[in-house]
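Q: If it helps, the file is called start-v5.cif and holds mmCIF, C-alpha atoms:
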data_my_file
loop_
_atom_site.label_atom_id
_atom_site.label_comp_id
_atom_site.auth_asym_id
_atom_site.auth_seq_id
_atom_site.Cartn_x
_atom_site.Cartn_y
_atom_site.Cartn_z
CA MET A 2 -39.61 -27.93 -12.06
CA ASN A 3 -36.73 -26.89 -9.87
CA PRO A 4 -33.53 -27.37 -11.92
CA VAL A 5 -31.59 -28.92 -9.04
CA ALA A 6 -34.36 -31.47 -8.46
CA MET A 7 -34.48 -32.12 -12.20
CA ILE A 8 -30.74 -32.87 -12.38
CA TRP A 9 -30.99 -34.99 -9.22
CA ASP A 10 -33.86 -36.97 -10.77
CA GLN A 11 -31.78 -37.62 -13.83
CA ARG A 12 -28.51 -38.30 -12.00
CA GLY A 13 -28.43 -41.85 -13.33
CA ILE A 14 -28.08 -40.82 -16.95
CA PHE A 15 -25.49 -38.16 -16.10
CA LEU A 16 -23.44 -40.72 -14.16
CA THR A 17 -23.66 -43.19 -17.07
CA GLY A 18 -22.59 -40.36 -19.38
CA LEU A 19 -19.68 -39.44 -17.15
CA ALA A 20 -18.63 -43.10 -16.87
CA ASN A 21 -18.72 -43.50 -20.66
CA THR A 22 -16.75 -40.30 -21.30
CA ILE A 23 -14.15 -41.34 -18.73
CA SER A 24 -13.85 -44.92 -20.00
CA LEU A 25 -13.56 -43.74 -23.63
CA SER A 26 -10.91 -41.15 -22.73
CA LEU A 27 -8.95 -43.56 -20.56
CA ILE A 28 -8.81 -46.37 -23.10
CA CYS A 29 -7.88 -43.85 -25.79
CA VAL A 30 -4.99 -42.45 -23.73
CA LEU A 31 -3.77 -45.90 -22.69
CA VAL A 32 -3.72 -47.21 -26.26
CA SER A 33 -2.84 -44.17 -28.35
CA VAL A 34 0.06 -42.81 -26.28
CA PRO A 35 2.22 -45.97 -26.64
CA LEU A 36 1.20 -46.38 -30.30
CA GLY A 37 1.91 -42.70 -30.94
CA ALA A 38 5.38 -43.21 -29.48
CA LEU A 39 5.89 -46.21 -31.77
CA GLY A 40 4.70 -44.11 -34.71
CA ALA A 41 7.23 -41.44 -33.82
CA ILE A 42 10.02 -44.05 -33.85
CA ALA A 43 8.80 -45.23 -37.26
CA LEU A 44 8.85 -41.65 -38.57
CA ILE A 45 12.40 -41.12 -37.34
CA GLU A 46 14.00 -44.51 -37.92
CA ALA A 47 12.25 -46.29 -40.78
CA ARG A 48 13.73 -46.48 -44.27
CA PRO A 49 12.32 -43.90 -46.70
CA PRO A 50 9.52 -45.97 -48.32
CA ALA A 51 8.12 -47.17 -44.98
CA ARG A 52 8.60 -43.74 -43.43
CA ARG A 53 6.78 -42.15 -46.34
CA LEU A 54 3.88 -44.55 -45.84
CA VAL A 55 3.62 -43.80 -42.10
CA GLN A 56 3.81 -40.07 -42.78
CA GLU A 57 1.09 -40.18 -45.45
CA LEU A 58 -1.20 -42.18 -43.13
CA ILE A 59 -0.67 -39.70 -40.31
CA ASP A 60 -1.30 -36.75 -42.60
CA LEU A 61 -4.45 -38.43 -43.91
CA PHE A 62 -5.91 -38.88 -40.43
CA ARG A 63 -5.00 -35.34 -39.48
CA CYS A 64 -6.86 -34.07 -42.55
CA VAL A 65 -10.12 -35.97 -42.05
CA PRO A 66 -12.70 -34.28 -39.80
CA PHE A 67 -13.27 -36.36 -36.66
CA LEU A 68 -17.02 -36.69 -37.17
CA LEU A 69 -16.57 -38.05 -40.68
CA LEU A 70 -14.14 -40.67 -39.36
CA ALA A 71 -16.69 -41.67 -36.70
CA TYR A 72 -19.36 -42.03 -39.39
CA ILE A 73 -17.09 -44.19 -41.52
CA VAL A 74 -16.22 -46.49 -38.60
CA TYR A 75 -19.78 -46.81 -37.31
CA TYR A 76 -21.82 -46.84 -40.53
CA GLY A 77 -19.21 -47.70 -43.16
CA LEU A 78 -17.35 -50.67 -41.67
CA PRO A 79 -20.52 -52.78 -41.19
CA GLU A 80 -20.81 -52.74 -45.00
CA LEU A 81 -17.52 -54.64 -45.01
CA GLY A 82 -18.87 -57.07 -42.43
CA LEU A 83 -17.20 -55.48 -39.41
CA ARG A 84 -19.85 -54.51 -36.91
CA PHE A 85 -18.95 -52.95 -33.56
CA SER A 86 -21.06 -51.54 -30.75
CA ALA A 87 -21.38 -47.75 -30.60
CA TRP A 88 -18.95 -47.59 -27.68
CA ALA A 89 -16.33 -49.73 -29.45
CA SER A 90 -16.67 -47.75 -32.68
CA GLY A 91 -16.31 -44.53 -30.70
CA ALA A 92 -13.23 -45.80 -28.89
CA ALA A 93 -11.67 -47.05 -32.15
CA THR A 94 -12.28 -43.69 -33.85
CA LEU A 95 -10.80 -41.73 -30.95
CA ILE A 96 -7.76 -44.02 -30.86
CA ILE A 97 -7.01 -43.92 -34.61
CA TYR A 98 -7.49 -40.17 -34.75
CA ASN A 99 -5.33 -39.45 -31.72
CA ILE A 100 -2.48 -41.75 -32.70
CA ALA A 101 -1.93 -39.50 -35.73
CA TYR A 102 -1.71 -36.34 -33.63
CA LEU A 103 0.37 -37.93 -30.85
CA THR A 104 2.88 -39.36 -33.35
CA GLU A 105 3.49 -35.87 -34.65
CA ILE A 106 3.79 -34.51 -31.09
CA PHE A 107 6.33 -37.15 -29.99
CA ARG A 108 8.35 -36.79 -33.17
CA SER A 109 8.63 -33.03 -32.60
CA ALA A 110 9.63 -33.55 -28.98
CA ALA A 111 12.28 -36.10 -29.98
CA SER A 112 13.75 -33.78 -32.60
CA ALA A 113 14.04 -31.04 -29.95
CA LEU A 114 16.15 -33.23 -27.64
CA PRO A 115 19.62 -31.85 -26.98
CA ARG A 116 21.94 -33.56 -29.47
CA ASP A 117 24.73 -34.08 -26.96
CA ASP A 118 22.60 -36.54 -24.96
CA LEU A 119 22.21 -38.71 -28.02
CA GLU A 120 25.86 -38.43 -28.96
CA ALA A 121 26.87 -39.32 -25.42
CA ALA A 122 24.57 -42.36 -25.57
CA SER A 123 26.13 -43.57 -28.81
CA ALA A 124 29.63 -42.87 -27.46
CA PHE A 125 28.80 -45.17 -24.54
CA GLY A 126 27.81 -47.84 -27.02
CA PHE A 127 24.06 -47.73 -26.29
CA THR A 128 22.03 -49.68 -28.80
CA LYS A 129 19.10 -47.92 -30.53
CA THR A 130 16.61 -49.72 -28.30
CA LEU A 131 18.47 -48.79 -25.16
CA THR A 132 18.83 -45.16 -26.31
CA TYR A 133 15.10 -44.90 -26.87
CA ARG A 134 14.22 -46.66 -23.64
CA ARG A 135 16.65 -44.90 -21.31
CA ILE A 136 17.42 -41.55 -22.97
CA VAL A 137 14.73 -40.51 -25.44
CA PHE A 138 11.41 -41.60 -23.95
CA PRO A 139 12.00 -40.67 -20.29
CA GLN A 140 12.81 -37.15 -21.50
CA ILE A 141 10.14 -36.61 -24.14
CA LEU A 142 7.33 -38.01 -22.00
CA VAL A 143 8.12 -35.17 -19.61
CA THR A 144 8.97 -32.38 -22.09
CA ALA A 145 5.99 -33.13 -24.34
CA ALA A 146 3.58 -33.37 -21.38
CA PRO A 147 1.90 -29.95 -21.83
CA VAL A 148 1.31 -30.63 -25.54
CA VAL A 149 0.02 -34.14 -24.84
CA GLY A 150 -2.24 -32.50 -22.24
CA ASN A 151 -3.59 -30.21 -25.00
CA GLN A 152 -4.31 -33.24 -27.14
CA VAL A 153 -6.02 -35.17 -24.34
CA ILE A 154 -8.28 -32.17 -23.65
CA VAL A 155 -9.15 -31.90 -27.35
CA MET A 156 -9.85 -35.63 -27.29
CA ILE A 157 -12.20 -35.37 -24.30
CA LYS A 158 -14.12 -32.61 -26.07
CA ASP A 159 -14.13 -34.56 -29.36
CA SER A 160 -15.73 -37.49 -27.53
CA ALA A 161 -18.84 -35.28 -27.25
CA LEU A 162 -19.31 -35.66 -31.01
CA LEU A 163 -19.70 -39.41 -30.51
CA MET A 164 -23.27 -38.80 -29.28
CA ILE A 165 -24.11 -38.59 -33.00
CA ILE A 166 -23.21 -42.28 -33.39
CA THR A 167 -25.41 -42.95 -30.30
CA VAL A 168 -22.68 -43.28 -27.66
CA GLN A 169 -24.29 -42.29 -24.36
CA GLU A 170 -21.69 -39.88 -23.02
CA ILE A 171 -22.00 -36.60 -21.12
CA THR A 172 -23.34 -34.44 -23.96
CA PHE A 173 -25.83 -37.17 -24.84
CA ALA A 174 -27.06 -37.09 -21.23
CA ALA A 175 -27.40 -33.29 -21.25
CA ASN A 176 -29.24 -33.37 -24.55
CA PHE A 177 -31.51 -36.19 -23.35
CA VAL A 178 -32.50 -34.29 -20.22
CA ASN A 179 -32.98 -31.10 -22.24
CA THR A 180 -35.34 -32.75 -24.74
CA ASN A 181 -37.35 -34.38 -21.93
CA TYR A 182 -37.76 -31.33 -19.72
CA PHE A 183 -37.47 -28.51 -22.30
CA SER A 184 -35.01 -26.70 -20.09
CA PRO A 185 -31.56 -26.36 -21.67
CA PHE A 186 -29.62 -24.30 -19.13
CA ALA A 187 -29.19 -26.63 -16.14
CA PRO A 188 -28.29 -29.85 -18.03
CA PHE A 189 -25.74 -28.11 -20.24
CA ALA A 190 -24.29 -26.23 -17.27
CA VAL A 191 -23.82 -29.61 -15.57
CA ALA A 192 -22.20 -31.00 -18.74
CA ILE A 193 -19.76 -28.08 -18.93
CA MET A 194 -18.87 -28.49 -15.24
CA LEU A 195 -18.21 -32.19 -15.79
CA TYR A 196 -15.97 -31.49 -18.80
CA TRP A 197 -14.11 -28.81 -16.90
CA GLY A 198 -13.59 -31.21 -14.00
CA LEU A 199 -12.10 -33.80 -16.36
CA CYS A 200 -9.83 -31.16 -17.95
CA LEU A 201 -8.66 -30.05 -14.50
CA ILE A 202 -7.62 -33.65 -13.78
CA VAL A 203 -5.59 -33.66 -17.02
CA GLU A 204 -3.99 -30.34 -16.02
CA LEU A 205 -3.12 -31.73 -12.62
CA GLY A 206 -1.34 -34.63 -14.32
CA VAL A 207 0.58 -32.24 -16.59
CA ARG A 208 1.57 -30.14 -13.58
CA ARG A 209 2.85 -33.26 -11.78
CA LEU A 210 5.03 -34.11 -14.78
CA GLY A 211 6.22 -30.48 -14.94
CA ALA A 212 7.29 -30.66 -11.29
CA MET A 213 9.14 -33.89 -12.10
CA GLN A 214 10.90 -32.14 -14.97
CA LYS A 215 12.05 -29.35 -12.64
CA ARG A 216 13.31 -31.87 -10.10
CA ARG A 217 15.17 -33.95 -12.65
CA TYR A 218 16.54 -31.49 -15.16
CA GLY A 219 16.48 -28.18 -13.27
CA MET B 10 -25.98 -29.80 -56.82
CA THR B 11 -26.58 -26.69 -58.90
CA TRP B 12 -24.00 -24.09 -59.86
CA PRO B 13 -25.31 -21.40 -57.41
CA ALA B 14 -25.23 -23.97 -54.60
CA PHE B 15 -21.64 -24.74 -55.52
CA LEU B 16 -20.80 -21.03 -55.41
CA THR B 17 -22.37 -20.79 -51.92
CA LEU B 18 -20.09 -23.61 -50.79
CA ILE B 19 -17.02 -21.93 -52.27
CA THR B 20 -17.89 -18.65 -50.52
CA GLY B 21 -18.32 -20.63 -47.29
CA ALA B 22 -14.95 -22.26 -47.87
CA MET B 23 -13.31 -18.84 -48.25
CA THR B 24 -14.90 -17.71 -44.95
CA THR B 25 -13.67 -20.87 -43.22
CA ALA B 26 -10.17 -20.48 -44.65
CA ALA B 27 -9.98 -16.76 -43.82
CA LEU B 28 -11.30 -17.21 -40.27
CA SER B 29 -9.06 -20.12 -39.36
CA PHE B 30 -5.99 -18.68 -41.07
CA SER B 31 -6.28 -15.27 -39.39
CA GLY B 32 -7.21 -16.98 -36.11
CA SER B 33 -3.96 -18.98 -36.23
CA ALA B 34 -1.94 -16.00 -37.48
CA MET B 35 -2.98 -14.02 -34.39
CA GLY B 36 -3.34 -16.90 -31.96
CA ILE B 37 0.18 -18.30 -32.42
CA PRO B 38 2.01 -15.05 -31.44
CA LEU B 39 -0.56 -14.40 -28.70
CA GLY B 40 0.07 -17.89 -27.34
CA LEU B 41 3.81 -17.18 -27.40
CA ALA B 42 3.25 -13.95 -25.44
CA LEU B 43 1.16 -15.84 -22.85
CA ALA B 44 3.77 -18.59 -22.58
CA MET B 45 6.49 -15.97 -22.04
CA VAL B 46 4.48 -14.47 -19.19
CA ARG B 47 4.53 -17.88 -17.52
CA TRP B 48 8.16 -18.52 -18.46
CA ALA B 49 9.29 -15.19 -16.98
CA ARG B 50 7.33 -15.99 -13.78
CA ILE B 51 5.71 -12.56 -13.55
CA PRO B 52 3.95 -12.80 -10.19
CA GLY B 53 0.16 -12.53 -10.36
CA MET B 54 0.17 -12.49 -14.17
CA GLU B 55 1.45 -16.06 -14.20
CA PHE B 56 -1.58 -17.22 -12.23
CA ILE B 57 -4.01 -15.26 -14.43
CA VAL B 58 -2.55 -16.82 -17.59
CA ALA B 59 -2.75 -20.32 -16.07
CA LEU B 60 -6.40 -19.74 -15.14
CA TYR B 61 -7.17 -18.35 -18.61
CA VAL B 62 -5.63 -21.38 -20.30
CA SER B 63 -7.46 -23.78 -17.99
CA VAL B 64 -10.89 -22.22 -18.54
CA ILE B 65 -10.59 -21.59 -22.28
CA ARG B 66 -9.16 -25.02 -23.09
CA SER B 67 -12.00 -26.80 -21.37
CA THR B 68 -14.72 -24.61 -22.90
CA PRO B 69 -16.03 -25.91 -26.23
CA ILE B 70 -15.79 -23.34 -29.05
CA VAL B 71 -19.59 -23.32 -29.44
CA THR B 72 -20.09 -22.32 -25.82
CA PHE B 73 -17.35 -19.72 -25.99
CA VAL B 74 -18.62 -18.08 -29.20
CA LEU B 75 -22.14 -17.82 -27.73
CA PHE B 76 -20.61 -16.19 -24.67
CA VAL B 77 -18.64 -13.66 -26.75
CA PHE B 78 -21.61 -12.86 -28.96
CA PHE B 79 -24.45 -12.73 -26.43
CA VAL B 80 -22.91 -12.05 -23.03
CA LEU B 81 -20.16 -9.53 -23.82
CA PRO B 82 -22.63 -6.92 -25.26
CA SER B 83 -24.16 -6.61 -21.78
CA ALA B 84 -20.67 -5.63 -20.61
CA GLY B 85 -20.61 -2.93 -23.31
CA LEU B 86 -18.58 -4.80 -25.94
CA GLU B 87 -20.75 -5.39 -28.96
CA LEU B 88 -19.22 -7.33 -31.85
CA ALA B 89 -20.63 -8.20 -35.28
CA PRO B 90 -20.73 -11.96 -36.03
CA ILE B 91 -17.49 -12.12 -38.05
CA PRO B 92 -15.33 -10.17 -35.55
CA ALA B 93 -16.91 -12.12 -32.69
CA ALA B 94 -16.09 -15.40 -34.47
CA LEU B 95 -12.54 -14.27 -35.17
CA ALA B 96 -12.03 -13.14 -31.56
CA THR B 97 -13.34 -16.47 -30.27
CA LEU B 98 -11.14 -18.57 -32.55
CA THR B 99 -8.07 -16.46 -31.77
CA LEU B 100 -8.58 -16.57 -28.00
CA ASN B 101 -9.31 -20.31 -28.13
CA THR B 102 -6.27 -21.29 -30.18
CA ALA B 103 -4.04 -18.93 -28.16
CA ALA B 104 -4.74 -20.98 -25.03
CA PHE B 105 -3.67 -24.22 -26.76
CA ASN B 106 -0.68 -22.54 -28.42
CA CYS B 107 0.37 -21.15 -25.03
CA GLU B 108 0.82 -24.72 -23.78
CA ILE B 109 2.78 -25.69 -26.90
CA TRP B 110 5.18 -22.75 -26.56
CA ARG B 111 5.45 -23.28 -22.81
CA ALA B 112 6.49 -26.90 -23.32
CA ALA B 113 9.13 -25.72 -25.80
CA LEU B 114 10.45 -23.02 -23.47
CA ASN B 115 10.61 -25.42 -20.52
CA ALA B 116 12.47 -28.01 -22.57
CA PHE B 117 14.99 -25.47 -23.85
CA PRO B 118 18.56 -26.63 -23.06
CA ARG B 119 19.83 -24.73 -20.05
CA ASP B 120 23.46 -24.66 -21.13
CA GLN B 121 22.64 -22.47 -24.10
CA LEU B 122 20.88 -19.95 -21.88
CA GLU B 123 23.84 -19.92 -19.52
CA ALA B 124 26.31 -19.53 -22.39
CA ALA B 125 24.34 -16.58 -23.74
CA HIS B 126 24.26 -14.98 -20.28
CA ALA B 127 27.99 -15.53 -19.95
CA TYR B 128 28.51 -13.67 -23.23
CA GLY B 129 26.54 -10.77 -21.76
CA MET B 130 23.51 -11.06 -24.02
CA THR B 131 20.51 -9.10 -22.81
CA ARG B 132 17.29 -11.05 -22.34
CA PRO B 133 15.56 -9.65 -25.46
CA THR B 134 18.58 -10.44 -27.66
CA LEU B 135 18.88 -13.89 -26.12
CA PHE B 136 15.25 -14.58 -26.90
CA ARG B 137 15.43 -13.21 -30.44
CA ARG B 138 18.75 -14.76 -31.45
CA ILE B 139 18.97 -17.99 -29.46
CA VAL B 140 15.60 -19.19 -28.19
CA LEU B 141 13.01 -18.24 -30.81
CA PRO B 142 14.84 -19.55 -33.91
CA GLN B 143 15.15 -22.96 -32.25
CA ILE B 144 11.77 -23.34 -30.62
CA TRP B 145 9.72 -22.45 -33.68
CA ARG B 146 11.60 -25.01 -35.74
CA ALA B 147 11.10 -27.67 -33.08
CA ASN B 148 7.40 -26.92 -32.71
CA ILE B 149 6.12 -26.77 -36.26
CA GLY B 150 4.50 -30.19 -35.67
CA PRO B 151 2.37 -29.30 -32.63
CA LEU B 152 1.57 -25.82 -33.99
CA VAL B 153 0.33 -27.28 -37.28
CA ASN B 154 -1.62 -29.91 -35.30
CA GLU B 155 -3.36 -27.07 -33.51
CA MET B 156 -4.00 -25.22 -36.81
CA THR B 157 -5.77 -28.29 -38.20
CA ILE B 158 -7.81 -28.68 -35.00
CA LEU B 159 -8.83 -25.01 -35.17
CA LEU B 160 -9.89 -25.37 -38.79
CA LYS B 161 -12.00 -28.39 -37.88
CA GLY B 162 -13.48 -26.37 -35.01
CA THR B 163 -14.70 -23.49 -37.17
CA PRO B 164 -18.20 -24.98 -37.81
CA ALA B 165 -18.96 -23.98 -34.21
CA VAL B 166 -19.11 -20.27 -35.14
CA ALA B 167 -22.09 -21.00 -37.40
CA VAL B 168 -24.33 -20.72 -34.30
CA ILE B 169 -23.95 -16.93 -34.32
CA GLY B 170 -24.86 -16.73 -38.00
CA VAL B 171 -21.49 -16.89 -39.75
CA VAL B 172 -22.00 -18.75 -43.03
CA GLU B 173 -18.98 -21.02 -43.33
CA VAL B 174 -18.71 -24.35 -45.17
CA THR B 175 -20.83 -26.49 -42.83
CA ARG B 176 -23.56 -23.86 -42.54
CA ALA B 177 -23.57 -23.37 -46.31
CA ALA B 178 -23.84 -27.14 -46.82
CA SER B 179 -26.76 -27.49 -44.40
CA ARG B 180 -28.54 -24.56 -46.10
CA ILE B 181 -28.17 -26.22 -49.49
CA GLY B 182 -29.29 -29.52 -48.00
CA ALA B 183 -32.38 -27.88 -46.49
CA ALA B 184 -33.23 -26.16 -49.79
CA THR B 185 -32.80 -29.20 -52.04
CA TYR B 186 -33.92 -31.94 -49.58
CA GLU B 187 -30.73 -33.76 -50.53
CA PRO B 188 -28.30 -33.34 -47.66
CA LEU B 189 -25.72 -35.91 -48.73
CA PRO B 190 -24.08 -34.24 -51.79
CA PRO B 191 -23.43 -30.85 -50.12
CA PHE B 192 -22.07 -32.53 -47.00
CA LEU B 193 -19.76 -34.78 -49.00
CA ALA B 194 -18.58 -31.68 -50.86
CA ALA B 195 -18.07 -29.87 -47.55
CA THR B 196 -16.02 -32.78 -46.21
CA ALA B 197 -13.90 -32.72 -49.35
CA ILE B 198 -13.35 -28.97 -48.87
CA TYR B 199 -12.21 -29.42 -45.24
CA THR B 200 -9.88 -32.25 -46.18
CA LEU B 201 -8.42 -30.17 -49.01
CA LEU B 202 -7.90 -27.06 -46.84
CA ILE B 203 -6.19 -29.07 -44.10
CA ALA B 204 -4.14 -31.00 -46.66
CA VAL B 205 -2.74 -27.67 -47.88
CA ILE B 206 -1.64 -26.77 -44.33
CA VAL B 207 -0.15 -30.22 -43.63
CA ARG B 208 1.68 -30.26 -46.98
CA GLY B 209 3.04 -26.81 -46.13
CA GLN B 210 4.37 -28.21 -42.86
CA ARG B 211 6.18 -31.03 -44.65
CA ILE B 212 7.74 -28.63 -47.17
CA ILE B 213 8.99 -26.30 -44.43
CA GLU B 214 10.37 -29.30 -42.51
CA MET B 215 12.18 -30.56 -45.60
CA ARG B 216 13.76 -27.15 -46.20
CA LEU B 217 14.84 -26.95 -42.56
CA ALA B 218 16.29 -30.46 -42.69
CA HIS B 219 18.34 -29.43 -45.73
CA ARG B 220 19.58 -26.29 -44.03
CA TYR B 221 20.26 -27.47 -40.50
CA GLY B 222 20.60 -31.21 -40.85
CA LEU B 223 18.21 -33.71 -39.33
CA ASN B 224 18.23 -33.92 -35.58
CA GLN B 225 17.53 -37.58 -35.09
CA PRO B 226 18.27 -40.01 -32.33
#
Please re-express this file's structure in C-alpha cells.

A:
Amino acid sequence: MNPVAMIWDQRGIFLTGLANTISLSLICVLVSVPLGALGAIALIEARPPARRLVQELIDLFRCVPFLLLAYIVYYGLPELGLRFSAWASGAATLIIYNIAYLTEIFRSAASALPRDDLEAASAFGFTKTLTYRRIVFPQILVTAAPVVGNQVIVMIKDSALLMIITVQEITFAANFVNTNYFSPFAPFAVAIMLYWGLCLIVELGVRRLGAMQKRRYG
Amino acid sequence: MTWPAFLTLITGAMTTAALSFSGSAMGIPLGLALAMVRWARIPGMEFIVALYVSVIRSTPIVTFVLFVFFVLPSAGLELAPIPAALATLTLNTAAFNCEIWRAALNAFPRDQLEAAHAYGMTRPTLFRRIVLPQIWRANIGPLVNEMTILLKGTPAVAVIGVVEVTRAASRIGAATYEPLPPFLAATAIYTLLIAVIVRGQRIIEMRLAHRYGLNQP
C-alpha cells in the first residue's frame, strides 16, 4: 500500500494522538509552571524543617524514572482505591514529575537575580509578596525561559512513554498503524514530524520571551 | 534472582554510570562552547547552532542513536556500539546544556560586563574571571536536572546492542521468566545512581552557600 494513502486512511488516529499529546502537554504546563514557582518560593523562604521536606520531595521525584512513576500512578493507586482514567493518570504523572524539575529551575533562576534589585526593593519597603510579584517573577519567567523550554520539550517527549499505560497519544498512533500495516517507516516518520512541530512551537515561545528580555533589560 | 544475574545487573549499572557520566562530562563543556557561539553572535555559526539545538532537542535519543549507528557508516563514519552510544548521549545533552548556558549568559548582569570592559579586561579574561565563576554556580540546578534526565535516557542506547541496566534486566527476565525482580532491581539501581548525583548537587550548593553567602530574595 502506498504510504501516503496509508497515513491518510489512518489520519483519524493520528489526529486523536496529536490532540491527546497537545492536551496533556498544555495541562501539564499550565499546572506545573505555577506550582513549580510556588515550590521555588518554598525552597527559598520556608523555615528549615519545611524547606528540608520540600527539598527531599523534589529530589525524590527527580530520582524516580518517569515510567516507574506512571506505573505507580496508573496501576498502584487503584490498590488504594483511587482509580483514574489513563489520560488523567498520565496528566497527573507528567505534572508531579515536572513540578520537581521546574521548582529547581525557578530556584536557580531566582538565586541568579542581581542582588541590587532585591536590595532596592527592600529599601523601598516592598513586602515579600510584592517583591516576588513585581521584581522576582517578571524577571525569572523571562531569564529562565530557555531552560523551561528545555523542560517542556523533555516533557513532550516523555509523554510518549504514556502509551505504555494505554494513553492514545502520537507514539501510540504510530505504533498502532505500524502493527496493522507492518510498515514502520511512514508512521514513525509522521510521529517524528509531529513531535518536531510541537517542539518548534515551544522554541517560538522561548524566542518571543527572549525578544521581550532584550527589549526590557537590554 | 541468582548471583550471576545480579552480577550482570551490576555490570550493566557500571555501563550506565560510565556512559551517562562521560556523556555529561563532555556534553556540559560542549554545550557551553555552543552557547558562547550564540552569545558572541558569530554570523552564520549562530544560525547553525540554533538549528542543531532545535533538531537534536526534538529528536528522541532512540531515533538519534539509530541514526548515528546505522546511517553514519554510509557516510564513512563507522562507530562501534559503545562509542556510538557515547557520541549520541554527548551530542544530545550538549543541545540541552547549550540552552541552559545560553539562558545564564543572557541573564548575566550587564553592569558587571561594562565594569570589566572599563577596567580594560580582554574578553577571554572577562569570561574566565567574571562570567564563568558566576554562571556555573547559578546553574548547578538546571545542569544537574539535565544530568538526571540523561541518565534516565540511557536505556535508549540498548537498541544498538549496548548492555546497560535495562537491557541486562530484560535479558535476566527473559531467561528466568520472572521479569519483575530484575526490573525492580534495575529501578532501584537508577534511583540510587541519580540520588548520588542529586546529593552531590546539594553538597556543592551547601559549600557554595557557606563560602559566598546565600543569594535569596

Q: Name the residues that the PyMOL selection byres ((chain A and resi 120) around 12) pulls out of this structure, and write them as number ranges by chain.

A: A: 114-119, 121-129, 132, 136-137; B: 224-226

Q: Please determine, counting only C-alpha atoms, which residue among A:Ser33, A:Asn3, A:Ser109, A:Asn176 has the shortest atom-to-atom distance to chain B.

A: A:Ser109

Q: Applying 12 Å and only C-alpha atoms, which residues near Val166 in chain B remain after dropping the ones on its own chain fewer than 2 positions away? List them as an mmCIF file with C-alpha atoms, in the coordinates of the input.

A:
data_model
loop_
_atom_site.group_PDB
_atom_site.id
_atom_site.type_symbol
_atom_site.label_atom_id
_atom_site.label_comp_id
_atom_site.auth_asym_id
_atom_site.auth_seq_id
_atom_site.Cartn_x
_atom_site.Cartn_y
_atom_site.Cartn_z
ATOM 1 C CA THR B 24 -14.900 -17.710 -44.950
ATOM 2 C CA THR B 25 -13.670 -20.870 -43.220
ATOM 3 C CA LEU B 28 -11.300 -17.210 -40.270
ATOM 4 C CA SER B 29 -9.060 -20.120 -39.360
ATOM 5 C CA PRO B 69 -16.030 -25.910 -26.230
ATOM 6 C CA ILE B 70 -15.790 -23.340 -29.050
ATOM 7 C CA VAL B 71 -19.590 -23.320 -29.440
ATOM 8 C CA THR B 72 -20.090 -22.320 -25.820
ATOM 9 C CA PHE B 73 -17.350 -19.720 -25.990
ATOM 10 C CA VAL B 74 -18.620 -18.080 -29.200
ATOM 11 C CA LEU B 75 -22.140 -17.820 -27.730
ATOM 12 C CA PHE B 76 -20.610 -16.190 -24.670
ATOM 13 C CA VAL B 77 -18.640 -13.660 -26.750
ATOM 14 C CA PHE B 78 -21.610 -12.860 -28.960
ATOM 15 C CA PRO B 90 -20.730 -11.960 -36.030
ATOM 16 C CA ILE B 91 -17.490 -12.120 -38.050
ATOM 17 C CA PRO B 92 -15.330 -10.170 -35.550
ATOM 18 C CA ALA B 93 -16.910 -12.120 -32.690
ATOM 19 C CA ALA B 94 -16.090 -15.400 -34.470
ATOM 20 C CA LEU B 95 -12.540 -14.270 -35.170
ATOM 21 C CA ALA B 96 -12.030 -13.140 -31.560
ATOM 22 C CA THR B 97 -13.340 -16.470 -30.270
ATOM 23 C CA LEU B 98 -11.140 -18.570 -32.550
ATOM 24 C CA LEU B 159 -8.830 -25.010 -35.170
ATOM 25 C CA LEU B 160 -9.890 -25.370 -38.790
ATOM 26 C CA LYS B 161 -12.000 -28.390 -37.880
ATOM 27 C CA GLY B 162 -13.480 -26.370 -35.010
ATOM 28 C CA THR B 163 -14.700 -23.490 -37.170
ATOM 29 C CA PRO B 164 -18.200 -24.980 -37.810
ATOM 30 C CA VAL B 168 -24.330 -20.720 -34.300
ATOM 31 C CA ILE B 169 -23.950 -16.930 -34.320
ATOM 32 C CA GLY B 170 -24.860 -16.730 -38.000
ATOM 33 C CA VAL B 171 -21.490 -16.890 -39.750
ATOM 34 C CA VAL B 172 -22.000 -18.750 -43.030
ATOM 35 C CA GLU B 173 -18.980 -21.020 -43.330
ATOM 36 C CA VAL B 174 -18.710 -24.350 -45.170
ATOM 37 C CA THR B 175 -20.830 -26.490 -42.830
ATOM 38 C CA ARG B 176 -23.560 -23.860 -42.540
#

Q: Find the residues of chain B in contact range of chain A, meaning any atom within 7 Å when counting all atoms listed in the file, and list them as a list in words.

A: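 Applying the cut-off to the listed atoms yields Ser67, Pro69, Phe105, Glu108, Ile109, Ala112, Ala116, Pro118, Ala147, Asn148, Gly150, Pro151, Asn154, Lys161, Thr200, Ile203, Ala204, Val207, Asn224, Gln225 and Pro226 of chain B.
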
Q: Could you check how far CA of Val80 in chain B sits from CA of Thr180 in chain A, in Å to one decimal?

A: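 These atoms are spaced 24.2 Å apart.
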
Q: Grab the CA of Met164 in chain A to CA of Phe85 in chain A distance for me, in Å with one decimal place.

A: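 If I compute the distance from CA of Met164 in chain A to CA of Phe85 in chain A, I get 15.4 Å.
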
Q: Counting only C-alpha atoms, which of B:Ser63, B:Ser179, B:Thr11, B:Asn106 gets nearest to Gly32 in chain B?

A: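 For Gly32 in chain B, the nearest of the candidates is B:Asn106.
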
Q: If the PyMOL selection byres ((chain A and resi 18-26) around 6) were run on this exact file, what residues would it hold? Put them as a PDB file with C-alpha atoms, keeping the file's coordinate frame.

A:
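Once written, out-v1.pdb looks like this:
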ATOM      1  CA  PHE A  15     -25.490 -38.160 -16.100  1.00  0.00           C
ATOM      2  CA  LEU A  16     -23.440 -40.720 -14.160  1.00  0.00           C
ATOM      3  CA  THR A  17     -23.660 -43.190 -17.070  1.00  0.00           C
ATOM      4  CA  LEU A  27      -8.950 -43.560 -20.560  1.00  0.00           C
ATOM      5  CA  ILE A  28      -8.810 -46.370 -23.100  1.00  0.00           C
ATOM      6  CA  CYS A  29      -7.880 -43.850 -25.790  1.00  0.00           C
ATOM      7  CA  ALA A  92     -13.230 -45.800 -28.890  1.00  0.00           C
ATOM      8  CA  GLN A 169     -24.290 -42.290 -24.360  1.00  0.00           C
ATOM      9  CA  GLU A 170     -21.690 -39.880 -23.020  1.00  0.00           C
ATOM     10  CA  ILE A 171     -22.000 -36.600 -21.120  1.00  0.00           C
ATOM     11  CA  ALA A 174     -27.060 -37.090 -21.230  1.00  0.00           C
TER      12      ALA A 174
END
